[in-house]
file query11.cif (mmCIF, C-alpha atoms and all ligand atoms)
data_input
#
loop_
_atom_site.label_atom_id
_atom_site.label_comp_id
_atom_site.auth_asym_id
_atom_site.auth_seq_id
_atom_site.Cartn_x
_atom_site.Cartn_y
_atom_site.Cartn_z
CA PRO A 1 5.44 24.82 13.82
CA PHE A 2 2.57 23.42 11.75
CA GLU A 3 -1.08 23.19 12.62
CA VAL A 4 -1.25 20.00 10.56
CA LEU A 5 1.81 17.92 9.69
CA ILE A 6 1.31 15.00 7.35
CA ILE A 7 3.88 12.22 7.32
CA GLY A 8 3.83 10.48 3.94
CA GLY A 9 3.14 11.93 0.50
CA GLY A 10 1.19 9.24 -1.34
CA PRO A 11 -2.43 9.68 -2.46
CA ALA A 12 -3.63 9.54 1.17
CA GLY A 13 -1.26 12.24 2.46
CA ALA A 14 -1.79 14.48 -0.58
CA ALA A 15 -5.58 14.30 -0.16
CA SER A 16 -5.35 15.12 3.57
CA ALA A 17 -3.13 18.13 2.85
CA VAL A 18 -5.49 19.61 0.27
CA TYR A 19 -8.38 19.33 2.75
CA THR A 20 -6.60 20.91 5.74
CA ALA A 21 -4.93 23.65 3.67
CA ARG A 22 -8.32 24.59 2.22
CA LYS A 23 -9.60 24.94 5.80
CA GLY A 24 -6.90 27.59 6.29
CA PHE A 25 -4.61 25.53 8.50
CA ARG A 26 -0.84 25.79 8.16
CA THR A 27 -0.11 22.41 6.57
CA GLY A 28 3.12 20.58 5.89
CA ILE A 29 3.89 17.24 4.23
CA ALA A 30 7.08 15.34 5.02
CA ALA A 31 7.54 12.46 2.58
CA GLU A 32 10.38 10.07 1.97
CA ARG A 33 9.31 9.92 -1.67
CA PHE A 34 6.37 12.02 -2.84
CA GLY A 35 3.85 9.92 -4.81
CA GLY A 36 4.60 6.75 -2.83
CA GLN A 37 3.51 3.55 -4.56
CA LEU A 38 2.24 5.60 -7.51
CA GLN A 39 5.87 5.96 -8.54
CA ASP A 40 6.00 2.18 -9.11
CA THR A 41 2.68 1.88 -10.94
CA LEU A 42 2.09 1.92 -14.67
CA GLY A 43 -1.51 1.97 -15.89
CA ILE A 44 -4.29 2.92 -13.48
CA GLU A 45 -7.77 2.14 -14.78
CA ASN A 46 -9.86 1.93 -11.60
CA LEU A 47 -9.77 5.49 -10.31
CA PRO A 48 -13.35 6.70 -10.79
CA GLY A 49 -13.64 9.65 -13.14
CA THR A 50 -10.22 8.97 -14.66
CA SER A 51 -10.51 6.23 -17.28
CA TYR A 52 -6.77 5.90 -17.67
CA THR A 53 -3.72 7.44 -16.07
CA GLU A 54 -0.25 6.32 -15.06
CA GLY A 55 1.23 6.38 -11.56
CA PRO A 56 3.97 8.98 -12.14
CA LYS A 57 1.47 11.21 -14.00
CA LEU A 58 -1.06 11.01 -11.14
CA SER A 59 1.76 11.75 -8.71
CA ASP A 60 2.71 14.87 -10.73
CA ASP A 61 -0.93 15.98 -10.79
CA LEU A 62 -1.13 15.61 -7.00
CA LYS A 63 2.12 17.55 -6.62
CA LYS A 64 0.71 20.42 -8.70
CA GLN A 65 -2.46 20.48 -6.60
CA VAL A 66 -0.37 20.51 -3.40
CA ALA A 67 1.73 23.38 -4.78
CA ALA A 68 -1.43 25.35 -5.64
CA ASN A 69 -2.64 25.13 -2.03
CA GLU A 70 0.07 26.74 0.12
CA ILE A 71 1.26 23.42 1.47
CA ASP A 72 4.85 23.17 2.66
CA LEU A 73 6.15 20.03 0.91
CA MET A 74 9.31 18.48 2.32
CA ASP A 75 10.26 15.71 -0.11
CA LEU A 76 13.04 13.16 0.57
CA ALA A 77 12.29 13.60 4.28
CA ARG A 78 12.01 10.39 6.30
CA ALA A 79 10.49 10.36 9.77
CA THR A 80 12.21 8.12 12.30
CA GLN A 81 10.42 8.84 15.57
CA LEU A 82 7.18 10.28 16.94
CA LYS A 83 6.77 11.87 20.35
CA PRO A 84 3.08 12.60 20.98
CA ALA A 85 1.94 15.71 22.85
CA GLY A 86 1.53 15.22 26.58
CA GLU A 87 -1.95 16.81 26.56
CA ALA A 88 -4.75 17.69 24.13
CA GLY A 89 -3.88 20.90 22.27
CA GLY A 90 -0.15 20.34 22.85
CA MET A 91 2.63 19.92 20.31
CA HIS A 92 3.57 16.58 18.78
CA GLU A 93 7.18 16.13 17.73
CA VAL A 94 8.45 14.16 14.76
CA THR A 95 12.18 13.47 14.42
CA MET A 96 13.50 13.18 10.89
CA ALA A 97 16.36 11.03 9.59
CA ASN A 98 18.53 14.15 9.14
CA GLY A 99 18.09 15.00 12.82
CA ALA A 100 15.56 17.84 12.33
CA VAL A 101 12.57 17.89 14.68
CA LEU A 102 9.21 19.02 13.22
CA ARG A 103 6.48 20.20 15.58
CA ALA A 104 2.73 20.28 14.94
CA ARG A 105 -0.57 20.54 16.81
CA SER A 106 -2.08 17.70 14.81
CA LEU A 107 -0.59 14.89 12.75
CA ILE A 108 -1.81 12.71 9.93
CA LEU A 109 0.16 9.50 9.49
CA SER A 110 0.01 8.20 5.90
CA THR A 111 3.25 6.32 5.37
CA GLY A 112 1.63 3.65 3.20
CA ALA A 113 2.82 0.11 2.70
CA ARG A 114 5.01 -2.06 0.53
CA TRP A 115 4.32 -5.43 -1.07
CA ARG A 116 6.49 -8.19 0.32
CA ASN A 117 8.73 -9.43 -2.49
CA LEU A 118 9.62 -13.03 -3.27
CA GLY A 119 13.23 -12.04 -3.76
CA VAL A 120 13.91 -14.47 -6.62
CA PRO A 121 15.73 -13.84 -9.91
CA GLY A 122 13.42 -12.26 -12.51
CA GLU A 123 10.98 -10.70 -10.04
CA ALA A 124 12.43 -7.20 -10.13
CA GLU A 125 13.36 -7.42 -13.80
CA TYR A 126 9.80 -8.30 -14.91
CA ARG A 127 7.88 -6.13 -12.40
CA ASN A 128 4.98 -4.58 -14.38
CA LYS A 129 6.00 -6.82 -17.30
CA GLY A 130 4.08 -9.83 -16.09
CA VAL A 131 4.98 -9.71 -12.40
CA ALA A 132 2.08 -8.08 -10.54
CA TYR A 133 1.00 -7.56 -6.95
CA CYS A 134 -2.55 -6.20 -7.13
CA PRO A 135 -5.28 -8.44 -8.63
CA HIS A 136 -7.90 -5.65 -8.50
CA CYS A 137 -5.56 -3.42 -10.50
CA ASP A 138 -3.89 -5.72 -12.98
CA GLY A 139 -6.20 -8.76 -13.29
CA PRO A 140 -7.86 -7.55 -16.54
CA LEU A 141 -4.45 -7.25 -18.23
CA PHE A 142 -4.21 -11.06 -18.16
CA LYS A 143 -7.58 -11.85 -19.74
CA GLY A 144 -7.55 -15.40 -21.14
CA LYS A 145 -3.86 -15.91 -20.22
CA ARG A 146 -2.07 -18.34 -17.92
CA ILE A 147 -0.97 -17.00 -14.58
CA ALA A 148 0.34 -18.13 -11.22
CA VAL A 149 -0.60 -16.78 -7.82
CA ILE A 150 2.16 -17.16 -5.24
CA GLY A 151 0.84 -17.49 -1.68
CA GLY A 152 -1.91 -19.64 -0.19
CA GLY A 153 -3.10 -17.37 2.58
CA ASN A 154 -6.40 -15.50 2.39
CA SER A 155 -5.13 -12.86 -0.02
CA GLY A 156 -3.55 -15.43 -2.36
CA VAL A 157 -6.58 -17.71 -2.44
CA GLU A 158 -8.98 -14.76 -2.86
CA ALA A 159 -6.82 -13.49 -5.70
CA ALA A 160 -6.84 -16.93 -7.36
CA ILE A 161 -10.65 -17.18 -7.13
CA ASP A 162 -11.03 -13.65 -8.48
CA LEU A 163 -8.52 -14.13 -11.32
CA ALA A 164 -9.88 -17.55 -12.35
CA LYS A 165 -12.95 -15.71 -13.70
CA ILE A 166 -10.83 -13.51 -15.98
CA VAL A 167 -7.72 -15.46 -16.96
CA GLY A 168 -7.45 -18.79 -18.79
CA HIS A 169 -5.65 -20.78 -16.12
CA VAL A 170 -4.39 -20.22 -12.57
CA THR A 171 -1.65 -22.14 -10.77
CA LEU A 172 -1.68 -21.38 -7.06
CA ILE A 173 1.65 -22.05 -5.35
CA GLU A 174 1.95 -22.36 -1.58
CA PHE A 175 5.33 -22.73 0.16
CA ASP A 176 3.91 -24.58 3.16
CA GLU A 177 2.54 -28.13 3.09
CA LYS A 178 -1.04 -26.81 3.28
CA LEU A 179 -3.01 -23.71 2.33
CA ARG A 180 -3.50 -21.22 5.15
CA ALA A 181 -6.64 -19.53 3.80
CA ASP A 182 -10.05 -19.90 5.46
CA GLU A 183 -11.69 -23.27 4.74
CA VAL A 184 -14.62 -21.70 2.86
CA LEU A 185 -12.21 -20.01 0.43
CA GLN A 186 -10.23 -23.21 -0.04
CA ARG A 187 -13.44 -25.10 -0.86
CA LYS A 188 -14.40 -22.48 -3.44
CA LEU A 189 -10.92 -22.62 -4.96
CA ARG A 190 -10.96 -26.41 -5.25
CA SER A 191 -14.31 -26.27 -7.05
CA LEU A 192 -12.87 -24.26 -9.95
CA SER A 193 -11.96 -26.22 -13.05
CA ASN A 194 -9.18 -23.95 -14.34
CA VAL A 195 -7.13 -23.87 -11.13
CA GLU A 196 -4.21 -26.10 -10.17
CA ILE A 197 -2.93 -26.02 -6.58
CA ILE A 198 0.69 -26.77 -5.75
CA ILE A 199 1.70 -27.15 -2.11
CA SER A 200 5.22 -27.37 -0.66
CA GLY A 201 6.28 -25.40 -3.72
CA GLN A 202 9.15 -22.97 -3.62
CA THR A 203 9.27 -20.55 -6.52
CA THR A 204 12.95 -20.26 -7.35
CA GLU A 205 12.92 -18.13 -10.49
CA ILE A 206 10.67 -16.08 -12.75
CA THR A 207 11.78 -16.38 -16.34
CA GLY A 208 11.14 -14.18 -19.34
CA ASP A 209 12.07 -13.45 -22.93
CA GLY A 210 13.82 -10.18 -22.08
CA THR A 211 10.66 -8.08 -22.33
CA ARG A 212 7.92 -10.11 -20.62
CA VAL A 213 7.39 -13.02 -18.25
CA SER A 214 7.29 -16.42 -19.96
CA GLY A 215 7.30 -18.83 -17.03
CA LEU A 216 8.50 -19.75 -13.59
CA VAL A 217 10.43 -22.50 -11.90
CA VAL A 218 8.97 -24.17 -8.83
CA LYS A 219 10.84 -26.62 -6.65
CA ASP A 220 9.04 -29.37 -4.74
CA ARG A 221 10.30 -28.86 -1.19
CA GLU A 222 9.89 -32.55 -0.35
CA SER A 223 11.41 -34.28 -3.38
CA GLY A 224 13.65 -31.41 -4.48
CA ASP A 225 12.39 -31.83 -8.07
CA GLU A 226 12.11 -28.68 -10.16
CA ARG A 227 9.31 -28.04 -12.60
CA ARG A 228 9.02 -25.28 -15.19
CA ILE A 229 5.59 -23.77 -15.78
CA GLU A 230 4.89 -21.75 -18.93
CA LEU A 231 2.74 -18.71 -18.22
CA GLU A 232 2.28 -15.01 -18.91
CA GLY A 233 1.75 -13.58 -15.44
CA VAL A 234 2.76 -14.01 -11.80
CA PHE A 235 0.78 -12.42 -8.95
CA VAL A 236 2.83 -12.26 -5.75
CA GLN A 237 0.50 -12.42 -2.73
CA ILE A 238 2.73 -12.99 0.25
CA GLY A 239 1.78 -9.96 2.26
CA LEU A 240 1.51 -6.18 2.32
CA VAL A 241 3.74 -4.65 4.97
CA PRO A 242 2.73 -1.28 6.46
CA ASN A 243 5.52 1.33 6.79
CA THR A 244 4.98 1.78 10.51
CA GLU A 245 8.21 0.44 12.01
CA TRP A 246 9.15 4.02 12.93
CA LEU A 247 6.08 4.23 15.25
CA ALA A 248 7.20 1.29 17.42
CA ASP A 249 7.71 3.19 20.68
CA SER A 250 5.31 6.07 20.03
CA GLY A 251 2.24 4.84 21.90
CA ILE A 252 0.23 4.68 18.65
CA GLU A 253 -1.83 1.50 18.70
CA LEU A 254 -1.02 -0.94 15.88
CA SER A 255 -2.82 -4.12 14.77
CA GLN A 256 -1.11 -7.53 14.83
CA TYR A 257 -0.05 -6.81 11.24
CA GLY A 258 1.52 -3.47 12.16
CA GLU A 259 -1.32 -1.37 10.72
CA ILE A 260 -2.28 1.86 12.52
CA ILE A 261 -5.66 1.26 14.15
CA VAL A 262 -8.12 4.00 13.10
CA ASP A 263 -11.81 4.63 13.71
CA ALA A 264 -14.36 5.81 11.15
CA SER A 265 -13.06 9.39 11.34
CA GLY A 266 -9.43 8.37 10.87
CA ALA A 267 -8.57 8.98 14.54
CA THR A 268 -5.85 6.91 16.18
CA ASN A 269 -5.83 6.14 19.92
CA LEU A 270 -3.92 9.40 20.62
CA PRO A 271 -5.66 12.81 20.63
CA GLY A 272 -4.85 14.98 17.61
CA ILE A 273 -3.20 12.16 15.67
CA TYR A 274 -5.04 10.82 12.61
CA ALA A 275 -4.04 8.29 9.97
CA ALA A 276 -5.09 7.29 6.46
CA GLY A 277 -4.40 4.96 3.56
CA ASP A 278 -2.47 1.71 3.28
CA ALA A 279 -0.64 2.20 6.60
CA THR A 280 -3.91 1.79 8.50
CA THR A 281 -6.49 -0.89 9.29
CA VAL A 282 -8.71 0.39 6.44
CA LYS A 283 -9.86 -2.75 4.67
CA ASP A 284 -9.00 -2.01 1.05
CA LYS A 285 -5.58 -0.86 -0.07
CA GLN A 286 -6.45 1.13 -3.18
CA ILE A 287 -5.81 4.63 -4.49
CA VAL A 288 -9.44 5.76 -4.32
CA VAL A 289 -9.68 4.47 -0.74
CA ALA A 290 -6.36 6.09 0.24
CA MET A 291 -7.65 9.41 -1.12
CA GLY A 292 -11.02 8.98 0.60
CA THR A 293 -9.55 8.09 3.98
CA GLY A 294 -7.04 10.94 3.49
CA ALA A 295 -9.94 13.40 3.13
CA THR A 296 -11.59 11.92 6.23
CA ALA A 297 -8.38 12.21 8.28
CA GLY A 298 -7.98 15.83 7.11
CA LEU A 299 -11.49 16.66 8.25
CA GLY A 300 -10.83 14.77 11.50
CA ALA A 301 -7.78 16.95 12.15
CA PHE A 302 -9.89 20.02 11.34
CA ASP A 303 -12.51 18.97 13.94
CA TYR A 304 -9.79 18.43 16.52
CA LEU A 305 -8.12 21.80 15.89
CA ILE A 306 -11.31 23.83 16.20
CA ARG A 307 -12.23 22.05 19.43
CA ASN A 308 -8.84 22.17 21.19
CA GLU A 309 -7.15 25.49 21.92
CA PRO A 310 -3.34 25.49 21.68
CA VAL A 311 -1.67 24.97 25.07
P1 LIG B 401 1.77 5.10 -0.40
O1 LIG B 401 1.39 5.30 -1.81
O2 LIG B 401 2.51 3.87 -0.02
O3 LIG B 401 2.60 6.39 0.07
C1 LIG B 401 3.27 6.41 1.29
C2 LIG B 401 4.06 7.68 1.43
O4 LIG B 401 4.70 7.70 2.70
C3 LIG B 401 5.19 7.85 0.42
O5 LIG B 401 5.35 9.22 0.13
C4 LIG B 401 6.39 7.31 1.19
O6 LIG B 401 7.64 7.78 0.68
C5 LIG B 401 6.11 7.89 2.54
N1 LIG B 401 6.79 7.30 3.69
C6 LIG B 401 6.90 6.00 4.06
N2 LIG B 401 7.59 5.89 5.21
C7 LIG B 401 7.91 7.15 5.59
C8 LIG B 401 8.61 7.71 6.70
N3 LIG B 401 9.11 6.96 7.70
N4 LIG B 401 8.74 9.08 6.76
C9 LIG B 401 8.25 9.86 5.78
N5 LIG B 401 7.58 9.38 4.71
C10 LIG B 401 7.41 8.05 4.62
N6 LIG B 401 -4.20 0.99 -6.48
C11 LIG B 401 -5.24 1.28 -7.27
O7 LIG B 401 -6.27 1.78 -6.78
N7 LIG B 401 -5.18 1.07 -8.63
C12 LIG B 401 -4.07 0.56 -9.24
O8 LIG B 401 -4.07 0.35 -10.46
C13 LIG B 401 -2.95 0.22 -8.41
N8 LIG B 401 -1.84 -0.33 -8.96
C14 LIG B 401 -0.77 -0.58 -8.14
C15 LIG B 401 0.40 -1.09 -8.73
C16 LIG B 401 1.53 -1.31 -7.96
C17 LIG B 401 2.77 -1.86 -8.61
C18 LIG B 401 1.50 -1.03 -6.55
C19 LIG B 401 2.73 -1.24 -5.71
C20 LIG B 401 0.34 -0.54 -5.98
C21 LIG B 401 -0.81 -0.33 -6.75
N9 LIG B 401 -2.00 0.15 -6.19
C22 LIG B 401 -3.06 0.47 -7.01
C23 LIG B 401 -2.14 0.42 -4.74
C24 LIG B 401 -1.98 1.92 -4.46
O9 LIG B 401 -0.79 2.39 -5.06
C25 LIG B 401 -1.95 2.17 -2.95
O10 LIG B 401 -3.16 1.69 -2.37
C26 LIG B 401 -1.83 3.67 -2.62
O11 LIG B 401 -0.68 4.22 -3.22
C27 LIG B 401 -1.77 3.88 -1.11
O12 LIG B 401 -1.59 5.23 -0.86
P2 LIG B 401 -0.95 5.75 0.51
O13 LIG B 401 -0.87 7.22 0.37
O14 LIG B 401 -1.67 5.17 1.65
O15 LIG B 401 0.52 5.10 0.58
#

call {"tool": "encode", "arguments": {"input": "query11.cif", "output": "structure tokens"}}
result
Amino acid sequence: PFEVLIIGGGPAGAASAVYTARKGFRTGIAAERFGGQLQDTLGIENLPGTSYTEGPKLSDDLKKQVAANEIDLMDLARATQLKPAGEAGGMHEVTMANGAVLRARSLILSTGARWRNLGVPGEAEYRNKGVAYCPHCDGPLFKGKRIAVIGGGNSGVEAAIDLAKIVGHVTLIEFDEKLRADEVLQRKLRSLSNVEIIISGQTTEITGDGTRVSGLVVKDRESGDERRIELEGVFVQIGLVPNTEWLADSGIELSQYGEIIVDASGATNLPGIYAAGDATTVKDKQIVVAMGTGATAGLGAFDYLIRNEPV
């Protein structure tokens, strides 16, 4: 059994593991895919201290650091169920997809999240070639260009306001007949001169020239008319889904969006179980934040272990 078992091997889980291993605790990581979202990321330019890196390179660097710290890494290992310890100091049990059961005195849950996809032709083909999901990350790549933001909820409208400062023109496309963002954001959006808002618009296709995005097709859901918009970028902002379905019957408290509810020390509602990164209620879903909350959760688990004798 482990003293600390980390479920998820993205930047959050890797950071937690380095912290608990360096405290001398027997630490394991079980990850469906080590590196997590980093494996799908090209350029990273907002990680302080690292002017430029690429997702797979950062993932390799984290893997090397994990290997240098006596951490038992189980890659391609998906957790399907969590059974919390009955009492403080007891053993938690995590069942894996292959039927194995891993036991640990403390757990750190860092299973991350996934962007909800539009699911239209061209989206997968042009991902990272004009199709983007993170305005904080990729906004500057579209300086002066024409882009669309898909989604008129808070994240879509915030993204449009943010991007309008950098890009040449923004078309915001909402599927519903009205925007769902807070009124104050909508007012700000409408005041911008380089933004067009389309409502009742269904994006049916993202088109490209074989290497990069060149436009999209949007269908008016009332008239059925289709319109082609020429542009260089598409930001899909229709939701970030936490990978927490496997915790459904565990007793871990989740928010209405399925995020693991954590306090300032990364503690969940259950003793000895901590969480970090995009899977949690932490406000910003970014690498530096995932790493920071991972460190906090690791130190939280450390506090718990030194205060609770094994039972
Ligand atoms: P993740 O990276 O999602 O890792 C989750 C881990 O948990 C993975 O190992 C996964 O396989 C594993 N897992 C999931 N479910 C299970 C399960 N049931 N059992 C076991 N393991 C499981 N952020 C930036 O700061 N800068 C950027 O430039 C940037 N660019 C991005 C570009 C793209 C295309 C994407 C998708 C994201 C980008 N982000 C960027 C966001 C950043 O990648 C995330 O905030 C960060 O990876 C979150 O780290 P995490 O460890 O919480 O989760």

call {"tool": "closest_atom_pairs", "arguments": {"input": "query11.cif", "of": "chain A", "to": "ligand LIG 401 (chain B)", "cutoff": "7 Å", "atoms": "all atoms listed in the file", "output": "tab-separated table"}}
result
residue	atom	partner	partner_atom	distance
A:Ile7	CA	B:LIG401	C9	5.2
A:Gly8	CA	B:LIG401	O4	3.2
A:Gly9	CA	B:LIG401	O5	3.5
A:Gly10	CA	B:LIG401	O13	3.4
A:Pro11	CA	B:LIG401	O13	4.1
A:Ala12	CA	B:LIG401	O13	3.7
A:Gly13	CA	B:LIG401	O13	5.5
A:Ala30	CA	B:LIG401	C9	5.7
A:Ala31	CA	B:LIG401	N5	3.7
A:Glu32	CA	B:LIG401	O6	3.8
A:Arg33	CA	B:LIG401	O6	3.6
A:Phe34	CA	B:LIG401	O5	4.2
A:Gly35	CA	B:LIG401	O5	5.2
A:Gly36	CA	B:LIG401	C3	3.5
A:Gln37	CA	B:LIG401	O1	3.9
A:Leu38	CA	B:LIG401	O9	5.0
A:Asp40	CA	B:LIG401	C17	5.2
A:Thr41	CA	B:LIG401	C15	4.3
A:Leu42	CA	B:LIG401	C15	6.9
A:Gly43	CA	B:LIG401	O8	6.2
A:Ile44	CA	B:LIG401	O8	4.0
A:Glu45	CA	B:LIG401	O8	6.0
A:Asn46	CA	B:LIG401	N7	5.6
A:Leu47	CA	B:LIG401	O7	6.2
A:Ala77	CA	B:LIG401	C9	5.7
A:Arg78	CA	B:LIG401	N4	3.6
A:Ala79	CA	B:LIG401	N4	3.7
A:Thr80	CA	B:LIG401	N3	5.7
A:Ser110	CA	B:LIG401	O14	5.5
A:Thr111	CA	B:LIG401	O4	3.3
A:Gly112	CA	B:LIG401	O15	3.2
A:Ala113	CA	B:LIG401	O2	4.7
A:Arg114	CA	B:LIG401	O2	6.5
A:Trp115	CA	B:LIG401	C19	6.5
A:Asn128	CA	B:LIG401	C17	6.8
A:Ala132	CA	B:LIG401	C17	6.5
A:Tyr133	CA	B:LIG401	C17	6.2
A:Cys134	CA	B:LIG401	C14	6.0
A:Cys137	CA	B:LIG401	O8	4.1
A:Asp138	CA	B:LIG401	O8	6.6
A:Asn243	CA	B:LIG401	N2	5.3
A:Trp246	CA	B:LIG401	N3	6.0
A:Ala276	CA	B:LIG401	O14	6.3
A:Gly277	CA	B:LIG401	O14	3.3
A:Asp278	CA	B:LIG401	O14	3.9
A:Ala279	CA	B:LIG401	O14	5.9
A:Lys285	CA	B:LIG401	O10	4.2
A:Gln286	CA	B:LIG401	O10	3.4
A:Ile287	CA	B:LIG401	O7	3.7
A:Val288	CA	B:LIG401	O7	5.7
A:Ala290	CA	B:LIG401	O12	5.0

call {"tool": "residues_around", "arguments": {"input": "query11.cif", "residues": "Thr27 in chain A", "least_positions_apart": "5", "cutoff": "10 Å", "atoms": "all atoms listed in the file", "output": "ChimeraX atom specification"}}
result
/A:1-6,16-22,69-73,104,106-107

call {"tool": "write_last_selection", "arguments": {"input": "query11.cif", "atoms": "C-alpha atoms", "output": "PDB file, keeping the file's coordinate frame"}}
result
ATOM      1  CA  PRO A   1       5.440  24.820  13.820  1.00  0.00           C
ATOM      2  CA  PHE A   2       2.570  23.420  11.750  1.00  0.00           C
ATOM      3  CA  GLU A   3      -1.080  23.190  12.620  1.00  0.00           C
ATOM      4  CA  VAL A   4      -1.250  20.000  10.560  1.00  0.00           C
ATOM      5  CA  LEU A   5       1.810  17.920   9.690  1.00  0.00           C
ATOM      6  CA  ILE A   6       1.310  15.000   7.350  1.00  0.00           C
ATOM      7  CA  SER A  16      -5.350  15.120   3.570  1.00  0.00           C
ATOM      8  CA  ALA A  17      -3.130  18.130   2.850  1.00  0.00           C
ATOM      9  CA  VAL A  18      -5.490  19.610   0.270  1.00  0.00           C
ATOM     10  CA  TYR A  19      -8.380  19.330   2.750  1.00  0.00           C
ATOM     11  CA  THR A  20      -6.600  20.910   5.740  1.00  0.00           C
ATOM     12  CA  ALA A  21      -4.930  23.650   3.670  1.00  0.00           C
ATOM     13  CA  ARG A  22      -8.320  24.590   2.220  1.00  0.00           C
ATOM     14  CA  ASN A  69      -2.640  25.130  -2.030  1.00  0.00           C
ATOM     15  CA  GLU A  70       0.070  26.740   0.120  1.00  0.00           C
ATOM     16  CA  ILE A  71       1.260  23.420   1.470  1.00  0.00           C
ATOM     17  CA  ASP A  72       4.850  23.170   2.660  1.00  0.00           C
ATOM     18  CA  LEU A  73       6.150  20.030   0.910  1.00  0.00           C
ATOM     19  CA  ALA A 104       2.730  20.280  14.940  1.00  0.00           C
ATOM     20  CA  SER A 106      -2.080  17.700  14.810  1.00  0.00           C
ATOM     21  CA  LEU A 107      -0.590  14.890  12.750  1.00  0.00           C
TER      22      LEU A 107
END

call {"tool": "residues_near_point", "arguments": {"input": "query11.cif", "point": "(-5.0, -25.6, 2.2)", "cutoff": "12 Å", "atoms": "all atoms listed in the file", "output": "count of residues only"}}
result
29

call {"tool": "atom_distance", "arguments": {"input": "query11.cif", "atom1": "CA of Asp61 in chain A", "atom2": "CA of Leu76 in chain A"}}
result
18.2 Å

call {"tool": "closest_residue", "arguments": {"input": "query11.cif", "among": "A:Arg221, A:Ala15, A:Met91, A:Gly215", "to": "Gly294 in chain A", "atoms": "all atoms listed in the file"}}
result
A:Ala15

call {"tool": "residues_near_point", "arguments": {"input": "query11.cif", "point": "(1.6, -13.8, -10.2)", "cutoff": "8 Å", "atoms": "all atoms listed in the file", "output": "list in words"}}
result
Gly130, Val131, Ala132, Tyr133, Ile147, Ala148, Val149, Ile150, Gly233, Val234, Phe235, Val236 and Gln237 of chain A

call {"tool": "atom_distance", "arguments": {"input": "query11.cif", "atom1": "CA of Lys165 in chain A", "atom2": "CA of Val241 in chain A"}}
result
27.4 Å

call {"tool": "residues_around", "arguments": {"input": "query11.cif", "residues": "Gly119 in chain A", "least_positions_apart": "5", "cutoff": "12 Å", "atoms": "all atoms listed in the file", "output": "PyMOL selection string"}}
result
chain A and resi 124-125+127+202-206+236+238

call {"tool": "write_last_selection", "arguments": {"input": "query11.cif", "atoms": "C-alpha atoms", "output": "PDB file, in the frame of the given file"}}
result
ATOM      1  CA  ALA A 124      12.430  -7.200 -10.130  1.00  0.00           C
ATOM      2  CA  GLU A 125      13.360  -7.420 -13.800  1.00  0.00           C
ATOM      3  CA  ARG A 127       7.880  -6.130 -12.400  1.00  0.00           C
ATOM      4  CA  GLN A 202       9.150 -22.970  -3.620  1.00  0.00           C
ATOM      5  CA  THR A 203       9.270 -20.550  -6.520  1.00  0.00           C
ATOM      6  CA  THR A 204      12.950 -20.260  -7.350  1.00  0.00           C
ATOM      7  CA  GLU A 205      12.920 -18.130 -10.490  1.00  0.00           C
ATOM      8  CA  ILE A 206      10.670 -16.080 -12.750  1.00  0.00           C
ATOM      9  CA  VAL A 236       2.830 -12.260  -5.750  1.00  0.00           C
ATOM     10  CA  ILE A 238       2.730 -12.990   0.250  1.00  0.00           C
TER      11      ILE A 238
END

call {"tool": "residues_around", "arguments": {"input": "query11.cif", "residues": "Gly139 in chain A", "least_positions_apart": "4", "cutoff": "8 Å", "atoms": "all atoms listed in the file", "output": "list in words"}}
result
Cys134, Pro135, Lys143, Leu163, Ile166 and Val167 of chain A

call {"tool": "closest_residue", "arguments": {"input": "query11.cif", "among": "A:Leu118, A:Val282, A:Val218, A:Leu305", "to": "Gly239 in chain A", "atoms": "all atoms listed in the file"}}
result
A:Leu118

call {"tool": "axis_aligned_box", "arguments": {"input": "query11.cif", "around": "range 133-150 of chain A", "padding_each_side": "5 Å", "output": "JSON"}}
result
{"center_x": -2.9, "center_y": -10.9, "center_z": -13.2, "size_x": 20.1, "size_y": 24.9, "size_z": 25.9}

call {"tool": "closest_residue", "arguments": {"input": "query11.cif", "among": "A:His136, A:Val217, A:Thr293, A:Ser193", "to": "Ala159 in chain A", "atoms": "only C-alpha atoms"}}
result
A:His136

call {"tool": "atom_distance", "arguments": {"input": "query11.cif", "atom1": "CA of Lys23 in chain A", "atom2": "CA of Lys83 in chain A"}}
result
25.5 Å

call {"tool": "closest_residue", "arguments": {"input": "query11.cif", "among": "A:Ser191, A:Ala297, A:Gly210, A:Arg105", "to": "Val262 in chain A", "atoms": "all atoms listed in the file"}}
result
A:Ala297

call {"tool": "closest_residue", "arguments": {"input": "query11.cif", "among": "A:Gly292, A:Gly86, A:Gly298, A:Pro242", "to": "Leu254 in chain A", "atoms": "only C-alpha atoms"}}
result
A:Pro242
